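Take a look at the structure below.
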Amino acid sequence: MNIPSNDGQDATSRFLQSALTPLAAKTYIRSKDSGFGGRHNPSRNINYDILAVAAHEHGLLANQTIPRAKVAVLLEENFMKKLNTTDLPLQCPDEELLKRFLQKSIHYEEMLYPGQTDDKEHETTFDEAVKKHKFCNFDFDALVEDEAVRTFFSKEIPRLYRRSKH
């Protein structure tokens, strides 16, 4: 319920003014008043796009004129099902790099929200992301050498592409 108050501000604006630093709250209200409310920015898995490029570089899409974006979409929609797996080889940062990520993340959060951060909660959330492999990418070199993956690119991608055009 976003009902304006006597000063004309809605509940979201009032809440943000109380929760954010004055500059951040003012920026939000200015952007909202100007008609620019931003846009939803979901994270996007770019592994399939990178895998499409790696496959092309290794000649797995030879003699194909399928647009890269379409290959990435076909991969995202079909790759895991067709290979009948949920466990692909990954490349993940080592512990030392993850520690540096965490320290930088805590530092930037403190810069954005001075005196309002909870390092323990931040570390817990970060650790959960690590366990979910949020900082990992597919091991593209291992994938393009896998025979099942090579077959998927040479046979399935062209078939799926032809089928999607009709």
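Chain labels A, B, ... are given in the sequence in which chains occur in the structure tokens; within each chain residues are numbered consecutively from 1, and ligands are likewise numbered from 1 in the order shown.
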
Item to check | Residues within 6 Å of stretch 86-90 of chain A, only C-alpha atoms, excluding chain neighbours under 2 positions, as a VMD selection string | outcome: chain A and resid 137 to 139

Atoms kept (N, CA, C and O atoms) for selection, written as a short mmCIF file (atom, residue, chain, number, x, y, z; two decimals), in the first residue's frame:
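The resulting file, selection22.cif, is shown below:
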data_model
loop_
_atom_site.label_atom_id
_atom_site.label_comp_id
_atom_site.auth_asym_id
_atom_site.auth_seq_id
_atom_site.Cartn_x
_atom_site.Cartn_y
_atom_site.Cartn_z
N ASN A 137 32.47 -20.31 -12.52
CA ASN A 137 32.05 -20.41 -13.92
C ASN A 137 32.23 -21.86 -14.36
O ASN A 137 32.96 -22.62 -13.74
N PHE A 138 31.57 -22.20 -15.46
CA PHE A 138 31.82 -23.50 -16.04
C PHE A 138 33.31 -23.62 -16.36
O PHE A 138 33.96 -22.63 -16.70
N ASP A 139 33.83 -24.81 -16.30
CA ASP A 139 35.20 -25.08 -16.75
C ASP A 139 35.09 -25.31 -18.26
O ASP A 139 34.86 -26.43 -18.72
#

Next on the checklist: Report as number ranges by chain all protein, DNA and RNA residues lying within 9 Å of A:Ile106, evaluated on only C-alpha atoms, omitting residues in the same chain fewer than 4 positions from it.
Outcome noted: A: 101-102, 110-111, 117-119, 122-123

Next on the checklist: From a backbone DSSP assignment, name each residue in stretch 64-166 of chain A labelled helix (DSSP H, G or I), as a PyMOL selection string.
Outcome noted: chain A and resi 68-83+95-112+119-131+140-145+147-165

Checklist entry - Which distance in Å separates atom CA of A:Cys92 and atom CA of A:Leu51, to one decimal? => result 15.9 Å

Item to check | Atom pair atom CA of A:Ala142 / atom CA of A:Asn45: separation (Å) | outcome: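 A separation of 18.6 Å between them.
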
Item to check | Distance in Å - atom CA of A:Arg159 versus atom CA of A:Asn78 | outcome: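 Separation of atom CA of A:Arg159 and atom CA of A:Asn78: 11.7 Å.
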
Checklist entry - So which residues touch stretch 149-153 of chain A within 12 Å, counting only C-alpha atoms, skipping near sequence neighbours fewer than 2 positions away, as a PyMOL selection string? => result chain A and resi 51-56+58-64+66+71-72+74-75+78-85+88-89+140-147+155-161
